[in-house]
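Listing of input-v4.cif, mmCIF, C-alpha atoms
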data_target
loop_
_atom_site.label_atom_id
_atom_site.label_comp_id
_atom_site.auth_asym_id
_atom_site.auth_seq_id
_atom_site.Cartn_x
_atom_site.Cartn_y
_atom_site.Cartn_z
CA MET I 1 55.49 124.63 165.08
CA ILE I 2 52.61 124.60 162.60
CA THR I 3 52.26 128.39 163.04
CA HIS I 4 55.81 128.92 161.75
CA SER I 5 55.69 126.35 158.96
CA ASN I 6 54.88 128.99 156.34
CA GLU I 7 57.73 131.24 157.43
CA ILE I 8 60.12 128.27 157.11
CA LEU I 9 58.71 127.35 153.68
CA VAL I 10 59.02 130.94 152.46
CA GLY I 11 62.63 131.16 153.67
CA LEU I 12 63.47 127.85 152.04
CA LEU I 13 61.84 128.92 148.78
CA ILE I 14 63.99 132.07 148.58
CA LEU I 15 67.16 130.11 149.41
CA VAL I 16 66.37 127.47 146.79
CA GLY I 17 65.62 130.26 144.28
CA PHE I 18 69.10 131.75 144.86
CA TRP I 19 70.72 128.34 144.66
CA THR I 20 68.89 127.61 141.40
CA VAL I 21 70.27 130.64 139.59
CA GLN I 22 73.82 130.29 140.97
CA THR I 23 74.59 126.62 140.53
CA SER I 24 75.50 124.52 137.47
CA ILE I 25 72.77 124.04 134.89
CA LEU I 26 71.81 120.46 135.78
CA ARG I 27 71.62 121.35 139.47
CA ALA I 28 69.57 124.40 138.48
CA ALA I 29 67.00 122.06 136.90
CA MET I 30 66.89 120.11 140.16
CA GLY I 31 66.62 123.38 142.10
CA LEU I 32 63.66 124.34 139.94
CA ALA I 33 61.97 121.04 140.81
CA LEU I 34 62.63 121.73 144.49
CA THR I 35 61.12 125.22 144.09
CA SER I 36 58.01 123.58 142.61
CA VAL I 37 57.80 121.16 145.54
CA LEU I 38 57.99 124.04 148.03
CA THR I 39 55.38 125.99 146.04
CA THR I 40 53.17 122.88 146.18
CA LEU I 41 53.50 122.73 149.97
CA ILE I 42 52.49 126.39 150.29
CA LEU I 43 49.52 125.83 147.94
CA PHE I 44 48.43 122.89 150.13
CA GLN I 45 48.65 125.18 153.16
CA MET I 46 46.39 127.61 151.28
CA SER I 47 43.82 124.80 150.91
CA MET I 48 44.23 124.58 147.13
CA PRO I 49 44.83 120.83 146.65
CA LEU I 50 43.99 120.66 142.94
CA ALA I 51 46.37 123.48 142.02
CA ALA I 52 49.01 121.93 144.30
CA VAL I 53 48.74 118.53 142.62
CA PHE I 54 48.98 120.16 139.17
CA GLU I 55 52.05 122.11 140.31
CA LEU I 56 53.70 118.97 141.67
CA SER I 57 52.97 116.66 138.76
CA VAL I 58 53.48 119.11 135.90
CA CYS I 59 56.07 121.60 137.17
CA ALA I 60 58.14 119.37 139.44
CA GLY I 61 57.75 116.32 137.16
CA LEU I 62 57.17 117.07 133.50
CA ILE I 63 59.05 120.37 133.24
CA THR I 64 62.08 118.91 135.05
CA VAL I 65 62.12 116.04 132.54
CA VAL I 66 61.95 118.58 129.69
CA PHE I 67 64.87 120.55 131.18
CA VAL I 68 67.02 117.47 131.76
CA SER I 69 66.29 116.39 128.17
CA ILE I 70 67.36 119.78 126.77
CA ILE I 71 70.53 119.70 128.87
CA SER I 72 71.39 116.19 127.71
CA MET I 73 70.76 117.13 124.05
CA THR I 74 73.05 120.16 124.19
CA ARG I 75 76.82 120.04 124.54
CA PRO I 76 78.02 119.23 128.08
CA GLN I 77 80.88 121.31 129.47
CA ASN I 78 84.23 119.76 130.33
CA ALA I 79 85.78 120.21 133.80
CA GLU I 80 87.82 123.27 132.82
CA GLU I 81 84.90 125.05 131.13
CA GLU I 82 82.67 124.26 134.10
CA GLU I 83 85.22 125.76 136.49
CA GLN I 84 85.44 128.95 134.38
CA SER I 85 81.68 129.31 134.08
CA ALA I 86 81.26 128.72 137.83
CA ALA I 87 83.63 131.62 138.55
CA ARG I 88 81.78 133.82 136.01
CA ARG I 89 78.41 132.87 137.51
CA SER I 90 79.61 133.66 141.00
CA ARG I 91 80.61 137.20 139.91
CA ARG I 92 77.51 137.68 137.79
CA TYR I 93 74.98 136.70 140.47
CA GLN I 94 76.49 138.52 143.45
CA PRO I 95 74.40 141.66 142.78
CA ALA I 96 71.28 139.44 142.68
CA LEU I 97 71.41 139.22 146.48
CA LEU I 98 71.36 143.01 146.71
CA VAL I 99 68.58 143.36 144.13
CA ALA I 100 66.43 140.75 145.89
CA ALA I 101 67.07 142.31 149.32
CA LEU I 102 66.11 145.76 147.98
CA VAL I 103 62.91 144.40 146.38
CA GLY I 104 62.00 142.53 149.58
CA LEU I 105 62.64 145.55 151.81
CA GLY I 106 60.79 147.85 149.39
CA LEU I 107 57.73 145.63 149.39
CA TRP I 108 57.88 145.25 153.17
CA ALA I 109 58.12 149.02 153.61
CA ALA I 110 55.24 149.57 151.20
CA GLY I 111 53.05 148.36 154.02
CA ASN I 112 50.37 145.81 154.47
CA ALA I 113 47.97 146.35 151.56
CA VAL I 114 45.20 144.31 153.16
CA GLN I 115 45.49 145.69 156.68
CA GLY I 116 42.10 145.94 158.30
CA MET I 117 40.47 143.76 155.66
CA THR I 118 37.72 141.51 156.99
CA PRO I 119 38.00 137.83 156.06
CA SER I 120 35.67 136.87 153.23
CA THR I 121 32.98 134.26 153.74
CA VAL I 122 32.78 133.37 150.03
CA THR I 123 33.02 129.63 149.44
CA GLU I 124 33.82 128.41 145.95
CA ASN I 125 34.44 124.96 144.58
CA VAL I 126 37.14 124.81 141.94
CA ARG I 127 35.18 122.24 139.93
CA ASP I 128 32.13 124.53 139.76
CA VAL I 129 34.32 127.46 138.78
CA LEU I 130 36.18 125.52 136.07
CA TRP I 131 33.13 123.85 134.53
CA ASN I 132 30.59 126.65 134.93
CA LEU I 133 32.22 130.05 135.31
CA ARG I 134 35.53 129.61 133.48
CA ARG I 135 34.52 127.14 130.78
CA LEU I 136 36.06 129.33 128.09
CA ASP I 137 39.43 128.95 129.87
CA LEU I 138 39.25 125.20 129.28
CA VAL I 139 38.64 125.76 125.56
CA GLY I 140 41.60 128.15 125.53
CA GLN I 141 43.77 125.59 127.33
CA ILE I 142 42.90 122.89 124.79
CA ILE I 143 43.67 125.25 121.88
CA ILE I 144 46.98 126.27 123.46
CA MET I 145 47.93 122.62 124.00
CA PHE I 146 47.28 121.90 120.32
CA VAL I 147 49.29 124.97 119.33
CA GLY I 148 52.15 123.73 121.52
CA VAL I 149 52.05 120.24 120.05
CA PHE I 150 51.98 121.59 116.48
CA GLY I 151 54.78 124.01 117.32
CA VAL I 152 57.05 121.25 118.61
CA VAL I 153 56.16 118.96 115.66
CA VAL I 154 56.91 121.72 113.11
CA LEU I 155 60.22 122.61 114.83
CA PHE I 156 61.40 119.01 114.90
CA LYS I 157 60.14 118.29 111.36
CA ASP I 158 62.08 121.26 109.94
CA ARG I 159 65.23 120.15 111.73
CA LEU I 160 64.84 116.58 110.52
CA LYS I 161 64.46 117.88 106.95
CA GLU I 162 67.65 119.94 107.30
CA GLU I 163 69.55 116.97 108.68
CA THR I 164 68.43 114.51 106.01
CA GLY I 165 68.59 117.12 103.22
CA ARG I 166 65.13 116.19 101.95
CA MET P 1 44.34 127.84 157.57
CA ASN P 2 41.55 130.37 157.01
CA ALA P 3 41.42 133.74 155.25
CA SER P 4 42.24 135.70 158.43
CA TYR P 5 45.51 133.76 158.78
CA TRP P 6 46.50 134.70 155.22
CA ILE P 7 45.47 138.33 155.76
CA ASP P 8 47.86 138.38 158.74
CA HIS P 9 50.65 136.77 156.69
CA PHE P 10 49.95 138.68 153.46
CA ARG P 11 53.00 140.93 153.72
CA LEU P 12 55.42 138.03 154.23
CA ILE P 13 54.22 135.98 151.25
CA ALA P 14 53.87 139.08 149.04
CA CYS P 15 57.50 140.04 149.81
CA GLU P 16 58.61 136.47 149.12
CA THR P 17 56.89 136.44 145.73
CA GLY P 18 58.51 139.80 144.93
CA VAL P 19 61.96 138.47 145.85
CA LEU P 20 61.44 135.30 143.77
CA PHE P 21 60.26 137.44 140.84
CA ALA P 22 63.36 139.65 141.17
CA ILE P 23 65.69 136.62 141.26
CA GLY P 24 64.05 135.13 138.14
CA LEU P 25 64.08 138.42 136.25
CA TYR P 26 67.71 139.06 137.21
CA CYS P 27 68.63 135.59 135.93
CA VAL P 28 66.85 136.29 132.61
CA MET P 29 68.62 139.64 132.23
CA VAL P 30 72.21 138.67 133.05
CA THR P 31 72.63 135.16 131.66
CA PRO P 32 73.63 134.50 128.04
CA ASN P 33 72.64 130.81 128.31
CA LEU P 34 69.22 130.10 126.76
CA ILE P 35 68.44 127.19 129.13
CA ARG P 36 69.17 129.43 132.09
CA VAL P 37 66.85 132.08 130.60
CA LEU P 38 64.07 129.46 130.63
CA ILE P 39 64.91 128.58 134.25
CA GLY P 40 64.66 132.28 135.17
CA LEU P 41 61.27 132.49 133.44
CA GLU P 42 60.13 129.45 135.41
CA LEU P 43 61.09 131.17 138.68
CA VAL P 44 59.07 134.23 137.64
CA THR P 45 56.09 131.96 136.91
CA LYS P 46 56.42 130.33 140.33
CA SER P 47 56.19 133.72 142.00
CA VAL P 48 53.08 134.59 139.96
CA THR P 49 51.52 131.23 140.92
CA LEU P 50 52.08 131.97 144.60
CA LEU P 51 50.70 135.50 144.26
CA LEU P 52 47.54 134.15 142.59
CA GLY P 53 47.17 131.61 145.41
CA LEU P 54 47.68 134.31 148.02
CA ALA P 55 45.10 136.59 146.35
CA GLY P 56 42.60 133.72 146.37
CA ALA P 57 43.34 132.83 150.00
CA VAL P 58 42.98 136.44 151.16
CA THR P 59 39.79 137.26 149.25
CA GLY P 60 38.20 133.86 149.81
CA HIS P 61 37.83 133.19 146.07
CA MET P 62 39.81 129.97 146.28
CA GLY P 63 38.04 128.27 143.38
CA THR P 64 38.73 131.12 140.96
CA ALA P 65 42.36 131.33 142.10
CA GLU P 66 42.80 127.57 141.62
CA ALA P 67 41.25 127.77 138.15
CA PHE P 68 43.65 130.57 137.21
CA ILE P 69 46.64 128.66 138.62
CA ILE P 70 45.70 125.57 136.58
CA THR P 71 45.40 127.71 133.43
CA LEU P 72 48.78 129.30 134.22
CA ILE P 73 50.42 125.86 134.65
CA VAL P 74 49.04 124.69 131.28
CA LEU P 75 50.35 127.85 129.58
CA GLU P 76 53.70 127.43 131.34
CA VAL P 77 54.22 123.85 130.21
CA VAL P 78 53.28 124.62 126.60
CA ALA P 79 55.60 127.65 126.55
CA ILE P 80 58.46 125.60 127.97
CA ALA P 81 57.90 122.74 125.50
CA VAL P 82 57.96 125.12 122.51
CA ALA P 83 60.93 127.05 123.93
CA ALA P 84 62.78 123.75 124.48
CA GLY P 85 62.25 122.88 120.80
CA LEU P 86 63.58 126.31 119.81
CA VAL P 87 66.65 125.97 122.08
CA ILE P 88 67.48 122.55 120.64
CA GLY P 89 66.99 123.93 117.10
CA ILE P 90 69.30 126.86 117.84
CA PHE P 91 71.89 124.50 119.33
CA LYS P 92 71.80 122.23 116.26
CA GLN P 93 72.17 125.23 113.95
CA HIS P 94 74.83 127.23 115.79
CA GLY P 95 76.56 124.66 117.99
CA GLU P 96 75.74 126.49 121.21
CA ALA P 97 72.64 127.56 123.12
CA ASN P 98 73.69 131.13 123.71
CA VAL P 99 71.93 134.46 123.09
CA SER P 100 75.08 135.90 121.48
CA VAL P 101 74.64 133.61 118.45
CA LEU P 102 71.13 134.90 117.76
CA THR P 103 72.09 137.66 115.35
CA ASP P 104 70.21 136.56 112.23
CA LEU P 105 67.56 139.28 112.57
CA LYS P 106 70.04 141.95 113.66
CA GLY P 107 69.85 145.34 111.90
#

Could you express the structure from this file as C-alpha coordinates?
Amino acid sequence: MITHSNEILVGLLILVGFWTVQTSILRAAMGLALTSVLTTLILFQMSMPLAAVFELSVCAGLITVVFVSIISMTRPQNAEEEEQSAARRSRRYQPALLVAALVGLGLWAAGNAVQGMTPSTVTENVRDVLWNLRRLDLVGQIIIMFVGVFGVVVLFKDRLKEETGR
Amino acid sequence: MNASYWIDHFRLIACETGVLFAIGLYCVMVTPNLIRVLIGLELVTKSVTLLLGLAGAVTGHMGTAEAFIITLIVLEVVAIAVAAGLVIGIFKQHGEANVSVLTDLKG
(Lines of atoms letter the chains of each structure in order from A and count residues from 1; the text may use other names and numbers.)
(Lines give C-alpha, C1' and ligand atoms only; values in the text may rest on other atoms or scores of the structure.)
Protein backbone atom coordinates (compact mmCIF):
# COMPACT_ATOMS: atom_id res chain seq x y z
CA MET A 1 0.00 0.00 0.00
CA ILE A 2 2.80 2.37 0.94
CA THR A 3 4.55 1.55 -2.36
CA HIS A 4 1.57 2.88 -4.33
CA SER A 5 0.89 5.92 -2.15
CA ASN A 6 2.82 8.23 -4.48
CA GLU A 7 0.98 7.01 -7.56
CA ILE A 8 -2.33 7.70 -5.78
CA LEU A 9 -1.16 11.16 -4.67
CA VAL A 10 0.02 12.02 -8.18
CA GLY A 11 -3.31 10.90 -9.69
CA LEU A 12 -5.24 12.89 -7.11
CA LEU A 13 -3.10 15.97 -7.73
CA ILE A 14 -3.86 15.92 -11.47
CA LEU A 15 -7.59 15.39 -10.83
CA VAL A 16 -7.70 18.24 -8.31
CA GLY A 17 -5.76 20.43 -10.78
CA PHE A 18 -8.44 19.81 -13.45
CA TRP A 19 -11.23 20.41 -10.97
CA THR A 20 -9.60 23.66 -9.85
CA VAL A 21 -9.59 25.21 -13.32
CA GLN A 22 -13.08 23.98 -14.26
CA THR A 23 -15.17 24.81 -11.22
CA SER A 24 -16.60 28.09 -9.89
CA ILE A 25 -14.10 30.62 -8.61
CA LEU A 26 -14.65 30.06 -4.88
CA ARG A 27 -14.38 26.30 -5.32
CA ALA A 28 -11.26 26.92 -7.41
CA ALA A 29 -9.67 28.65 -4.39
CA MET A 30 -10.55 25.59 -2.30
CA GLY A 31 -9.18 23.32 -5.03
CA LEU A 32 -5.93 25.28 -4.94
CA ALA A 33 -5.70 24.70 -1.19
CA LEU A 34 -6.29 20.99 -1.78
CA THR A 35 -3.54 20.98 -4.42
CA SER A 36 -1.20 22.52 -1.84
CA VAL A 37 -2.13 19.86 0.71
CA LEU A 38 -1.37 17.09 -1.81
CA THR A 39 1.91 18.79 -2.74
CA THR A 40 2.74 18.89 0.98
CA LEU A 41 2.13 15.15 1.29
CA ILE A 42 4.44 14.43 -1.65
CA LEU A 43 7.12 16.73 -0.17
CA PHE A 44 6.84 14.83 3.13
CA GLN A 45 7.32 11.58 1.19
CA MET A 46 10.46 13.13 -0.33
CA SER A 47 11.78 13.71 3.23
CA MET A 48 11.56 17.50 2.96
CA PRO A 49 9.61 18.38 6.13
CA LEU A 50 10.57 22.06 6.31
CA ALA A 51 9.52 22.76 2.73
CA ALA A 52 6.34 20.73 3.31
CA VAL A 53 5.41 22.74 6.40
CA PHE A 54 6.04 26.01 4.52
CA GLU A 55 3.88 24.78 1.64
CA LEU A 56 1.06 23.79 3.99
CA SER A 57 1.05 26.90 6.16
CA VAL A 58 1.72 29.51 3.48
CA CYS A 59 0.20 28.08 0.29
CA ALA A 60 -2.72 26.11 1.72
CA GLY A 61 -3.37 28.68 4.48
CA LEU A 62 -2.31 32.22 3.73
CA ILE A 63 -2.76 32.20 -0.05
CA THR A 64 -6.23 30.64 0.26
CA VAL A 65 -7.19 33.43 2.68
CA VAL A 66 -5.87 36.01 0.18
CA PHE A 67 -7.90 34.42 -2.65
CA VAL A 68 -11.10 34.22 -0.60
CA SER A 69 -10.60 37.88 0.39
CA ILE A 70 -10.20 38.96 -3.26
CA ILE A 71 -13.29 36.98 -4.25
CA SER A 72 -15.35 38.51 -1.45
CA MET A 73 -14.16 42.04 -2.36
CA THR A 74 -15.12 41.66 -6.02
CA ARG A 75 -18.66 41.45 -7.34
CA PRO A 76 -20.32 38.05 -6.79
CA GLN A 77 -22.25 36.54 -9.69
CA ASN A 78 -25.99 35.94 -9.49
CA ALA A 79 -27.47 32.50 -10.23
CA GLU A 80 -28.12 33.23 -13.92
CA GLU A 81 -24.63 34.64 -14.54
CA GLU A 82 -23.08 31.69 -12.71
CA GLU A 83 -25.02 29.25 -14.90
CA GLN A 84 -23.86 31.02 -18.07
CA SER A 85 -20.23 31.17 -16.97
CA ALA A 86 -20.32 27.49 -15.96
CA ALA A 87 -21.45 26.55 -19.49
CA ARG A 88 -18.73 28.80 -20.99
CA ARG A 89 -16.09 27.29 -18.69
CA SER A 90 -17.12 23.78 -19.60
CA ARG A 91 -16.62 24.54 -23.33
CA ARG A 92 -13.43 26.50 -22.74
CA TYR A 93 -11.66 23.86 -20.64
CA GLN A 94 -12.56 20.76 -22.65
CA PRO A 95 -9.38 21.04 -24.78
CA ALA A 96 -7.35 21.27 -21.53
CA LEU A 97 -7.81 17.52 -21.08
CA LEU A 98 -6.34 16.90 -24.52
CA VAL A 99 -3.46 19.35 -23.97
CA ALA A 100 -2.60 17.79 -20.60
CA ALA A 101 -2.82 14.25 -22.00
CA LEU A 102 -0.53 15.20 -24.90
CA VAL A 103 2.00 16.83 -22.55
CA GLY A 104 1.91 13.80 -20.22
CA LEU A 105 2.32 11.30 -23.06
CA GLY A 106 5.07 13.41 -24.64
CA LEU A 107 7.04 13.55 -21.42
CA TRP A 108 6.50 9.83 -20.82
CA ALA A 109 7.69 9.02 -24.34
CA ALA A 110 10.72 11.27 -23.92
CA GLY A 111 12.09 8.52 -21.74
CA ASN A 112 13.55 8.25 -18.32
CA ALA A 113 16.16 11.01 -18.12
CA VAL A 114 17.82 9.54 -15.04
CA GLN A 115 17.85 5.91 -16.14
CA GLY A 116 20.96 4.16 -14.92
CA MET A 117 21.81 6.96 -12.50
CA THR A 118 23.38 5.78 -9.26
CA PRO A 119 21.78 7.08 -6.07
CA SER A 120 23.75 9.92 -4.51
CA THR A 121 25.19 9.60 -1.03
CA VAL A 122 25.28 13.37 -0.44
CA THR A 123 23.67 14.34 2.86
CA GLU A 124 22.70 17.96 3.38
CA ASN A 125 20.91 19.69 6.20
CA VAL A 126 18.54 22.42 5.08
CA ARG A 127 19.50 24.62 8.03
CA ASP A 128 23.19 24.46 7.10
CA VAL A 129 22.37 25.20 3.48
CA LEU A 130 20.09 28.15 4.33
CA TRP A 131 22.37 29.75 6.91
CA ASN A 132 25.76 29.00 5.36
CA LEU A 133 25.53 28.33 1.63
CA ARG A 134 22.44 30.29 0.60
CA ARG A 135 22.61 33.20 3.05
CA LEU A 136 22.21 35.70 0.22
CA ASP A 137 18.84 34.07 -0.59
CA LEU A 138 17.60 35.03 2.87
CA VAL A 139 18.63 38.65 2.29
CA GLY A 140 16.82 38.53 -1.05
CA GLN A 141 13.72 37.07 0.60
CA ILE A 142 13.66 39.84 3.21
CA ILE A 143 14.05 42.52 0.51
CA ILE A 144 11.29 40.95 -1.58
CA MET A 145 8.98 40.81 1.44
CA PHE A 146 9.56 44.53 2.06
CA VAL A 147 8.94 45.27 -1.62
CA GLY A 148 5.68 43.30 -1.41
CA VAL A 149 4.54 45.11 1.71
CA PHE A 150 5.37 48.53 0.21
CA GLY A 151 3.66 47.53 -3.03
CA VAL A 152 0.42 46.60 -1.27
CA VAL A 153 0.56 49.73 0.93
CA VAL A 154 1.10 52.01 -2.09
CA LEU A 155 -1.72 50.32 -4.06
CA PHE A 156 -4.20 50.65 -1.20
CA LYS A 157 -3.06 54.20 -0.34
CA ASP A 158 -3.62 55.38 -3.94
CA ARG A 159 -7.07 53.80 -3.99
CA LEU A 160 -7.99 55.36 -0.66
CA LYS A 161 -6.91 58.77 -2.00
CA GLU A 162 -9.08 58.31 -5.10
CA GLU A 163 -12.06 57.29 -3.00
CA THR A 164 -11.79 60.16 -0.52
CA GLY A 165 -10.75 62.69 -3.21
CA ARG A 166 -7.83 63.93 -1.12
CA MET B 1 12.01 6.79 0.77
CA ASN B 2 15.58 7.01 -0.51
CA ALA B 3 17.11 8.41 -3.70
CA SER B 4 16.90 5.08 -5.56
CA TYR B 5 13.12 5.03 -5.02
CA TRP B 6 12.80 8.50 -6.56
CA ILE B 7 15.10 7.57 -9.44
CA ASP B 8 12.72 4.67 -10.18
CA HIS B 9 9.68 6.97 -9.95
CA PHE B 10 11.27 9.96 -11.69
CA ARG B 11 9.30 9.57 -14.92
CA LEU B 12 5.93 9.43 -13.15
CA ILE B 13 6.45 12.56 -11.04
CA ALA B 14 8.11 14.44 -13.94
CA CYS B 15 5.09 13.69 -16.16
CA GLU B 16 2.74 14.77 -13.38
CA THR B 17 4.54 18.09 -12.95
CA GLY B 18 4.39 18.60 -16.73
CA VAL B 19 0.64 17.93 -16.77
CA LEU B 20 0.05 20.30 -13.84
CA PHE B 21 2.16 22.96 -15.57
CA ALA B 22 0.13 22.51 -18.78
CA ILE B 23 -3.19 22.79 -16.90
CA GLY B 24 -2.04 25.99 -15.14
CA LEU B 25 -0.68 27.54 -18.33
CA TYR B 26 -3.84 26.64 -20.25
CA CYS B 27 -5.92 28.29 -17.53
CA VAL B 28 -3.79 31.47 -17.75
CA MET B 29 -4.12 31.55 -21.54
CA VAL B 30 -7.85 30.96 -21.97
CA THR B 31 -9.49 32.71 -19.03
CA PRO B 32 -10.41 36.40 -19.10
CA ASN B 33 -10.94 36.48 -15.31
CA LEU B 34 -7.96 37.98 -13.45
CA ILE B 35 -8.51 35.90 -10.29
CA ARG B 36 -8.53 32.74 -12.39
CA VAL B 37 -5.27 33.88 -14.04
CA LEU B 38 -3.72 34.03 -10.56
CA ILE B 39 -5.08 30.56 -9.78
CA GLY B 40 -3.49 29.25 -13.00
CA LEU B 41 -0.17 30.84 -12.03
CA GLU B 42 -0.42 29.16 -8.64
CA LEU B 43 -0.86 25.76 -10.32
CA VAL B 44 2.24 26.43 -12.43
CA THR B 45 4.16 27.29 -9.25
CA LYS B 46 3.01 24.06 -7.60
CA SER B 47 4.41 22.05 -10.49
CA VAL B 48 7.74 23.89 -10.24
CA THR B 49 7.83 23.23 -6.48
CA LEU B 50 7.34 19.51 -7.08
CA LEU B 51 9.99 19.46 -9.81
CA LEU B 52 12.50 21.15 -7.48
CA GLY B 53 11.67 18.60 -4.78
CA LEU B 54 12.06 15.74 -7.24
CA ALA B 55 15.42 17.09 -8.47
CA GLY B 56 16.62 17.28 -4.86
CA ALA B 57 15.36 13.79 -4.04
CA VAL B 58 16.99 12.26 -7.12
CA THR B 59 20.38 13.97 -6.79
CA GLY B 60 20.49 13.71 -3.00
CA HIS B 61 20.84 17.49 -2.55
CA MET B 62 17.76 17.66 -0.34
CA GLY B 63 18.93 20.67 1.66
CA THR B 64 19.56 22.80 -1.41
CA ALA B 65 16.21 21.76 -2.92
CA GLU B 66 14.40 22.63 0.32
CA ALA B 67 16.15 26.02 0.46
CA PHE B 68 15.07 26.74 -3.12
CA ILE B 69 11.49 25.63 -2.41
CA ILE B 70 11.31 27.94 0.62
CA THR B 71 12.62 30.84 -1.48
CA LEU B 72 10.06 30.00 -4.19
CA ILE B 73 7.21 29.98 -1.63
CA VAL B 74 8.25 33.40 -0.29
CA LEU B 75 8.37 34.82 -3.84
CA GLU B 76 5.01 33.21 -4.61
CA VAL B 77 3.23 34.71 -1.61
CA VAL B 78 4.64 38.20 -2.25
CA ALA B 79 3.67 38.01 -5.94
CA ILE B 80 0.15 36.89 -5.05
CA ALA B 81 -0.26 39.62 -2.42
CA VAL B 82 0.80 42.36 -4.87
CA ALA B 83 -1.30 40.84 -7.67
CA ALA B 84 -4.30 40.69 -5.31
CA GLY B 85 -3.89 44.42 -4.61
CA LEU B 86 -3.74 45.10 -8.36
CA VAL B 87 -6.85 42.97 -9.05
CA ILE B 88 -8.83 44.78 -6.35
CA GLY B 89 -7.61 48.14 -7.71
CA ILE B 90 -8.67 47.18 -11.24
CA PHE B 91 -12.06 46.02 -9.95
CA LYS B 92 -12.63 49.29 -8.09
CA GLN B 93 -11.66 51.30 -11.17
CA HIS B 94 -13.48 49.35 -13.89
CA GLY B 95 -16.20 47.48 -12.02
CA GLU B 96 -14.97 44.07 -13.12
CA ALA B 97 -11.83 41.97 -12.74
CA ASN B 98 -11.47 41.05 -16.39
CA VAL B 99 -8.53 41.27 -18.81
CA SER B 100 -10.77 42.83 -21.48
CA VAL B 101 -11.04 46.05 -19.46
CA LEU B 102 -7.26 46.51 -19.33
CA THR B 103 -6.93 48.65 -22.43
CA ASP B 104 -5.40 51.80 -20.96
CA LEU B 105 -1.95 51.11 -22.39
CA LYS B 106 -3.27 49.84 -25.72
CA GLY B 107 -1.68 51.24 -28.90

Taking all atoms listed in the file into account, which residues of chain P are within 6 Å of chain I, as a PDB file with C-alpha atoms, in the coordinates of the input?
ATOM      1  CA  ALA P   3      41.420 133.740 155.250  1.00  0.00           C
ATOM      2  CA  SER P   4      42.240 135.700 158.430  1.00  0.00           C
ATOM      3  CA  ARG P  11      53.000 140.930 153.720  1.00  0.00           C
ATOM      4  CA  CYS P  15      57.500 140.040 149.810  1.00  0.00           C
ATOM      5  CA  VAL P  19      61.960 138.470 145.850  1.00  0.00           C
ATOM      6  CA  ALA P  22      63.360 139.650 141.170  1.00  0.00           C
ATOM      7  CA  THR P  59      39.790 137.260 149.250  1.00  0.00           C
ATOM      8  CA  GLY P  60      38.200 133.860 149.810  1.00  0.00           C
ATOM      9  CA  GLY P  63      38.040 128.270 143.380  1.00  0.00           C
ATOM     10  CA  GLU P  66      42.800 127.570 141.620  1.00  0.00           C
ATOM     11  CA  ALA P  67      41.250 127.770 138.150  1.00  0.00           C
ATOM     12  CA  ILE P  70      45.700 125.570 136.580  1.00  0.00           C
ATOM     13  CA  VAL P  78      53.280 124.620 126.600  1.00  0.00           C
ATOM     14  CA  VAL P  82      57.960 125.120 122.510  1.00  0.00           C
ATOM     15  CA  GLY P  85      62.250 122.880 120.800  1.00  0.00           C
TER      16      GLY P  85
END

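Residue nearest Val77 (chain P) within the list I:Leu136, I:Ala60, I:Leu98, I:Met30: I:Ala60 [criterion: smallest interatomic distance, only C-alpha atoms].
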
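Here CA of Leu52 (chain P) stands at a distance of 5.9 Å from CA of Ala65 (chain P).
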
Q | Using all atoms listed in the file: which of P:Ile39, P:Ala81, P:Ile13, P:Val74 has the shortest distance to Ala55 (chain P) | A | P:Ile13

Q: Figure out the distance between CA of Ser90 (chain I) and CA of Ala79 (chain P), please, to one decimal in Å.
A: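 That distance, rounded to one decimal, is 28.7 Å.
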
Q) For Gly18 (chain P), which residue among P:Thr49, P:Thr31, P:Gln93, P:Ser100 is the nearest when counting only C-alpha atoms? A)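 When distances to Gly18 (chain P) are compared using only C-alpha atoms, the smallest one comes from P:Thr49.
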
Q: Would you work out the distance separating CA of Val44 (chain P) from CA of Leu86 (chain P), expressed in Å to one decimal?
A: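 Between CA of Val44 (chain P) and CA of Leu86 (chain P) the gap is 20.0 Å.
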
Q: Check the smallest atom-to-atom distance from each of P:Ile35, P:Ala97, P:Leu54, P:Ile23 to Ile80 (chain P) using only C-alpha atoms, then report the winner.
A: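 The closest residue to Ile80 (chain P) is P:Ile35.
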
Which polymer residues, whether protein, DNA or RNA, lie within 10 Å of the coordinate (71.9, 133.8, 119.4) when you count only C-alpha atoms? List them as a tab-separated table (two decimals) with C-alpha atoms, in the coordinates of the input, using the chain letters and numbers from the file.
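File produced: part_18.tsv:
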chain	number	residue	atom	x	y	z
P	32	PRO	CA	73.63	134.50	128.04
P	33	ASN	CA	72.64	130.81	128.31
P	34	LEU	CA	69.22	130.10	126.76
P	87	VAL	CA	66.65	125.97	122.08
P	90	ILE	CA	69.30	126.86	117.84
P	91	PHE	CA	71.89	124.50	119.33
P	94	HIS	CA	74.83	127.23	115.79
P	96	GLU	CA	75.74	126.49	121.21
P	97	ALA	CA	72.64	127.56	123.12
P	98	ASN	CA	73.69	131.13	123.71
P	99	VAL	CA	71.93	134.46	123.09
P	100	SER	CA	75.08	135.90	121.48
P	101	VAL	CA	74.64	133.61	118.45
P	102	LEU	CA	71.13	134.90	117.76
P	103	THR	CA	72.09	137.66	115.35
P	104	ASP	CA	70.21	136.56	112.23
P	105	LEU	CA	67.56	139.28	112.57

**Q.** Closest of P:Val30, P:Leu72, P:Met62, P:Ala57 to Tyr5 (chain P) - atom-to-atom distances counting only C-alpha atoms
**A.** P:Ala57
